[in-house]
Every structure is written in C-alpha cells, then in structure tokens.
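Since the structure comes first, as structure tokens, the remarks are kept for the end.
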Amino acid sequence: MRRFALPLALTLTLGGLAGPAQARDQGGAQADRVARTAECQGDWLPGTPTATDVMKGEISLVGLPAYKLGKKINWSASPYKNRSWEYVFQSLRWMGTLVVEYENTGEQRYLDRATEITKDWVTKNKRGARGTKPYVWKDHPVSLRTQPLLCLSRHVDAGWLKDSLADHAKLLSDPRLYKKGHNHGIDQDIALLGIGCRYGRTDWANLASRRLTGTVKLDVDSQGALMEQAPRYAVYVYGRLQVATAGMKACKRKVPGEITKRAEALKDFIAHSTMPNGYMVPIGDGSADTEPKMDAGTPKQEVRTYRAGYVFGRTAWGEPDSAYYSIRFGPGMKYHGHEDHLGVTYYAEGRDILVDGGFHSYEKSAYRYWTLSPEAHNVPTVVGGKFRPRTPSKLVKTSYGKDRQAFRLTDKAYGASRTRSVLVNHGDDLMAVLDTASGGKKVRNVWRFDPSLKLVSKGGGKVVLGDGNFKVTLLQLSSCDRVGGQKVERGGKLGWASPTYLSKKRTNVVVSPSARSLLTVIVPGTDSPKVSCSGGKVTVEGVSFPSGLL
C-alpha cells in the first residue's frame with residue numbers, strides 16, 4: 001500500500017457525475033475537449049507506474065523492479081512470486097492511469113490502449129474459466145479493479161465493459177464473500193455503490209450503503225481505534241471513508257452519522273499512533289516508513305489508552321525530541337496484528353530506541369511467520385511454558401502523571417499468568433519494565449534495539465549500545481540485585497528487523513537470563529547511569545520510582 005495523502009479525492013466535488021466526453025470550447029486546448037470525470041480524477045491511482053511507463057510496456061508495482069509488460073499481455077504473469085504484486089497487477093489500476101491521462105491531455109492513443117488492455121483482460125479472465133487464476137476474483141482485486149473499470153466506462157460505451165462491471169457487482173453483493181468489519185469490506189461497499197450509482201441499480205447501491213455502516217462500526221470502535229491491529233491501516237481506512245462519503249453524496253444519499261462520527265474519531269487515533277518524527281509506530285503489519293500525510297489535528301492528551309489494546313504516550317506534542325512509547329494488550333491476534341501483547345516500543349531524544357521486528361510482506365514464508373511471533377517483539381516469556389496463540393491480555397492498573405505514567409498488564413499466553421508493569425519517566429527520560437509470572441515460575445525477555453545502534457559493551461547486568469556520540473544503556477535487576485549473563489544477538493535467529501517492505505536488517509537483540517522477576521531499565525543518552533536500589537525504591541540518575549513500578 002502506498003503512503004496515503006489527502007489530495008483531489010477528498011476535495012473534488014462529486015455531486016452530479018460527469019457524462020461522456022463532450023466538446024467544449026473549440027478554441028481551447030485539446031485536453032479541454034475531454035470531460036474530467038469524478039470516477040477518474042480521484043485519489044485511487046498508484047504512485048507507479050505512470051501513463052508513460054504503461055505506454056512503453058513497463059510497469060513497476062509495490063516497489064519491485066519494472067516488469068516488461070509488452071504489447072501482448074500475459075495475464076498469468078507473476079515475475080516476483082509476490083502476492084501483493086499479483087493483486088495490484090490484477091486490480092488494473094495501472095491501466096487506469098491511461099484513462100486519466102486521456103482526460104488530462106485529450107490524446108486518443110491513451111484511451112485506445114486502455115480499451116485494448118481492458119478488453120483483453122475481460123476476454124481472458126472470465127470468472128471460473130479454465131486458465132483464470134483464482135486470486136483474480138478475490139474480494140480485494142475485484143473491489144480495486146472496479147474503479148478503473150468505472151473510469152473507463154465514462155468514455156467507452158461497450159457491452160463487454162458493462163457486462164464485466166455487472167459480473168463484478170454480483171460478486172461484490174454476494175454475502176458469502178463479504179469481508180465485514182475489515183478494510184476490504186469498506187472497499188467492497190465503495191465499489192458496489194459506484195456500480196449501482198453508475199447504472200441506476202438502486203438495489204446494489206442500497207446494499208452497499210446499508211452494509212457500510214455495520215462494517216465501520218466493527219472496524220473502528222467508539223474511541224476511534226482501528227480494530228485491525230496495525231495502526232498504519234487507520235490512515236488507509238480514514239481515506240477510504242472519505243471516498244465512501246463522497247460517493248454517497250454523489251449518489252444523492254445521506255451519509256450515516258455513525259460513519260462521520262467514527263471517521264472523525266479515527267483522526268485522533270492516527271495522531272496518537274504517529275511518533276514525534278512524523279512516522280507511524282510500526283505495530284503489526286506496519287512499516288516504519290509510513291507517514292500519515294494528513295492533518296490529524298493535535299489531541300488534548302499526551303497519553304491515550306484504547307480499549308482495542310493500545311497505550312500511546314509522549315512528553316509533548318509538536319516536539320521532535322519528545323519521548324514516545326507504545327504498549328500492546330487487548331483482544332487476541334487477528335487481521336493485521338502480531339503476537340505482540342505486553343510488548344513495548346520506545347522513542348527518545350529524537351530517535352528510535354526499542355523497535356518491533358516490523359512488517360516484511362504478506363508472503364507465506366518462514367520469515368514472515370517469524371515476524372508475527374512473540375520472538376520478534378519486546379515481550380516476556382514464561383520459562384518452560386508453551387505459547388498459546390491469539391490469547392487476549394488485560395490492562396489491569398494505570399497511574400497517570402504529567403511527567404510519569406505507569407501501567408500493569410497481564411495474560412495467560414504461556415498458561416501461567418505473566419504480568420508486566422511499565423513505567424515511563426519524562427524529562428529525565430527512562431523506561432522501566434518489571435516482568436513476573438505466577439506460581440514462582442521464571443521469566444525471560446528480549447529487547448530489540450534500532451538497527452542503527454551497535455553493541456558498545458556488556459557485563460555485570462549492563463548492556464550499552466551506541467551510534468556515534470549517542471549511547472543507550474540497558475540495566476537488569478532482580479530483587480535489587482544486578483542480573484548478569486545477557487546475550488546479544490545480531491542476525492542469527494533473533495537479531496533481525498524489517499523497517500520497510502521486503503527489507504531485512506541485522507539488529508541487536510538483548511536476551512535476558514531467566515529469573516523469578518526481571519526489572520529492565522532503559523536509559524537513553526548515557527553509557528554510565530548511576531543506579532541504586534534499596535527499601536523498595538530504585539534510583540536511576542536521580543530519578544526514583546518504586547521497585548514494583550506502581
């Protein structure tokens with residue numbers, strides 16, 4: 001998915017959909033003799049390829065190298081064995097760039113090639129026909145393909161195109177294939193509404209409008225949190241809701257208040273899940289290079305807890321050097337989530353400190369499944385316990401202060417109850433995390449540092465990492481005693497992170513020894529923090545807090 005921006009799609013006044021191409025001012029430029037239509041001039045086009053690329057027969061999709069399309073297209077092509085590439089290829093949005101270029105320039109060659117490509121696709125990709133790949137008619141390619149087909153239909157009045165759009169509508173309206181409570185369902189409704197309004201099929205338009213409200217209420221909760229467990233998808237969903245709203249208005253339909261209300265609340269969620277550096281915190285299937293590129297506003301609180309399973313906090317808004325943290329809990333893993341419950345991320349002094357394993361791709365590979373696992377996140381494990389996938393977790397206690405917040409979370413993901421308390425201090429930045437398990441069982445934890453941070457030293461329960469003059473220290477205690485024996489792995493089994501799509505970088509992961517309790521303190525900006533612990537109180541660089549954190 002490309003980074004979402006809020007351009008033409010959200011400002012274009014759609015009311016009164018434009019008709020077929022018609023002559024305008026005879027003395028004007030050629031482009032002015034072609035009607036610009038709402039279906040074509042929205043924000044649905046990919047960043048690549050351009051119309052020039054498509055005309056040359058080269059298409060670059062999902063950031064992979066250009067593929068030689070040629071004049072005669074092989075619709076079974078899968079040059080990179082990449083599912084995302086296949087889906088985008090079959091969406092035909094790249095074809096749509098030609099129709100848009102026709103509207104913008106008035107040059108017939110663009111429309112002719114778009115028509116040629118689409119007719120060939122329709123002929124060779126009949127649903128259920130021998131030779132048609134099953135994924136061609138999956139819900140998302142169908143939804144996304146509808147837009148370029150509708151765009152083309154504004155300039156090409158052909159029976160084969162109308163029939164294909166009718167086939168799409170039948171599939172989109174099939175309740176057995178509807179993805180309720182998911183961004184795919186929203187896309188299905190947008191597509192079905194578009195076809196229904198384009199051809200006067202009120203039954204299709206009514207169904208789309210009716211389903212959309214139910215899906216939005218499941219996908220975005222009353223607090224505005226996205227339920228798909230990857231914050232970057234909140235930006236996509238927000239943009240699609242703007243498209244859906246514009247489509248309803250264009251179709252002379254009332255926009256349900258619940259959709260407007262939840263879309264507005266979603267902006268707060270986006271703001272809170274955006275780090276001080278302007279990138280979204282890469283939780284779940286989210287890359288570290290995702291910028292919202294939208295005005296989400298400035299929430300009133302610096303710290304926000306969402307029932308959907310998130311704590312987001314920062315020192316202050318509008319300050320790039322502000323500390324920032326995230327904590328995960330809530331419902332078991334689903335959709336775009338990872339097994340990251342009780343996990344934390346930490347950003348301080350203008351840089352990433354603790355990071356997740358990240359999002360690599362949707363490919364069915366061993367590495368992809370590893371990125372979903374607890375080992376790819378900053379979480380505690382119960383020694384000797386067997387992990388139980390999709391276990392929910394609870395936030396059971398909180399303490400809010402302007403310069404300090406603390407939280408306690410628990411679950412039974414390893415049979416025995418594991419409990420994690422997290423304290424974040426601001427100003428004198430530090431994060432402290434206490435891990436325990438029920439029944440006197442031992443715990444172990446892993447800490448994944450940003451790839452830029454290299455190992456400087458370790459020993460005596462202290463690990464120092466750095467990047468140039470910047471240093472960060474990890475300390476571990478158990479009942480006030482230093483715990484030594486940390487292992488640092490870069491590469492190997494655990495020492496990896498995927499900050500961007502299809503990337504895989506070596507990074508330092510600190511693996512703790514096992515203990516009945518583990519207090520981990522992360523101190524950014526120093527390699528020699530002064531630490532003392534006695535009488536149930538820990539002091540780090542003059543900052544004191546209870547050894548139980550809260």
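Going through the structure tokens in order, the chains are called A, B, and so on, while each chain numbers its residues from 1 and the ligands are numbered from 1 in the order shown.
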
Looking only at the backbone, which of the residues in region 20-104 of chain A does DSSP tag as strand (DSSP E or B), as a PDB file with N, CA and C atoms, in the first residue's frame?
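Produced file out_26.pdb, reproduced below:
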```pdb
ATOM      1  N   GLU A  58       6.118  -1.040 -19.595  1.00  0.00           N
ATOM      2  CA  GLU A  58       6.849  -1.368 -18.376  1.00  0.00           C
ATOM      3  C   GLU A  58       6.034  -0.928 -17.166  1.00  0.00           C
ATOM      4  N   ILE A  59       5.809  -1.843 -16.242  1.00  0.00           N
ATOM      5  CA  ILE A  59       5.060  -1.458 -15.043  1.00  0.00           C
ATOM      6  C   ILE A  59       5.837  -1.862 -13.798  1.00  0.00           C
ATOM      7  N   TYR A  67       8.483  -4.488 -14.656  1.00  0.00           N
ATOM      8  CA  TYR A  67       8.202  -5.721 -15.390  1.00  0.00           C
ATOM      9  C   TYR A  67       7.876  -5.356 -16.830  1.00  0.00           C
ATOM     10  N   LYS A  68       8.472  -6.086 -17.783  1.00  0.00           N
ATOM     11  CA  LYS A  68       8.227  -5.839 -19.204  1.00  0.00           C
ATOM     12  C   LYS A  68       6.858  -6.407 -19.574  1.00  0.00           C
TER      13      LYS A  68
END
```

Original post:
Which of region 309-539 of chain A counts as alpha helix (DSSP H) under DSSP, as number ranges by chain please?
Top reply: A: 366-372

**OP:** Quick one: everything within 9 Å of Lys487 (chain A), counting only C-alpha atoms, minus sequence neighbours fewer than 3 positions away in the same chain. Send it as number ranges by chain.
**Re:** A: 458, 509-513

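Near Ser173 (chain A), within 8 Å and counting only C-alpha atoms, sit Ala169, Lys170, Leu171, Pro175, Tyr178, Leu192, Trp204, Leu207 and Ala208 of chain A, not including residues fewer than 2 positions from it in the same chain.
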
Written selection (C-alpha atoms) as a PDB file, in the first residue's frame:
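Final output, saved to part.pdb:
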```
ATOM      1  CA  ALA A 169     -21.302  -6.207  -8.841  1.00  0.00           C
ATOM      2  CA  LYS A 170     -22.741  -9.716  -8.478  1.00  0.00           C
ATOM      3  CA  LEU A 171     -19.589 -10.845  -6.737  1.00  0.00           C
ATOM      4  CA  PRO A 175     -22.847 -12.092   1.291  1.00  0.00           C
ATOM      5  CA  TYR A 178     -18.245 -10.008   2.032  1.00  0.00           C
ATOM      6  CA  LEU A 192     -20.654  -1.752  -5.275  1.00  0.00           C
ATOM      7  CA  TRP A 204     -26.810  -2.573  -5.318  1.00  0.00           C
ATOM      8  CA  LEU A 207     -26.980  -2.818  -0.127  1.00  0.00           C
ATOM      9  CA  ALA A 208     -23.609  -1.070  -0.187  1.00  0.00           C
TER      10      ALA A 208
END
```

Subject >> Spatial neighbours of Lys71 (chain A), max dist 10 Å, only C-alpha atoms, sep filter under 5 positions, as a ChimeraX atom specification >> reply: /A:55-57,113,116-117

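For the set A:Asn277, A:Asn425, A:Ser373, A:Ser164, the residue with the smallest atom-to-atom gap to Pro320 (chain A) is A:Asn277, counting only C-alpha atoms.
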
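Taking CA of Gly330 (chain A) and CA of Asp139 (chain A) as the two end points, the separation is 28.1 Å.
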
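Minimum atom-to-atom distances from A:Leu354, A:Val281, A:Cys533, A:Ala288 to Thr500 (chain A) were compared using only C-alpha atoms, and the lowest value belongs to A:Ala288.
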
What's the 6 Å shell around Gly484 (chain A), counting only C-alpha atoms, without same-chain residues fewer than 2 positions away, as a PDB file with C-alpha atoms, in the first residue's frame?
```pdb
ATOM      1  CA  GLY A 460      27.529  -7.025  35.137  1.00  0.00           C
ATOM      2  CA  GLY A 461      23.874  -6.751  34.173  1.00  0.00           C
ATOM      3  CA  GLN A 486      22.691 -11.162  28.942  1.00  0.00           C
TER       4      GLN A 486
END
```

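With only C-alpha atoms as the atoms that count, the residue of A:Gln90, A:Gln223, A:Glu39, A:Gly350 with the shortest distance to Gly194 (chain A) is A:Glu39.
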
Subject >> Residue neighbourhood region 120-132 of chain A, 10 Å, only C-alpha atoms, exclusion window fewer than 5 positions, as a ChimeraX atom specification >> reply: /A:72-76,90,92,114-115,137,160-161,163-164,167-168,171

Subject >> Shortest interatomic distance to Ser503 (chain A) - which of A:Gly358, A:Gly159, A:Gly257, A:Pro380, counting only C-alpha atoms >> reply: A:Gly358

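Each of A:Arg351, A:Arg262, A:Arg201, A:Arg83 was compared to Gly466 (chain A) using only C-alpha atoms, and A:Arg351 turns out to be the nearest.
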
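You will find CA of Ala246 (chain A) at 24.7 Å from CA of Thr48 (chain A).
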
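If only C-alpha atoms are the atoms counted, then among A:Leu172, A:Leu218, A:Leu177, A:Leu64 the closest residue to Ala191 (chain A) is A:Leu172.
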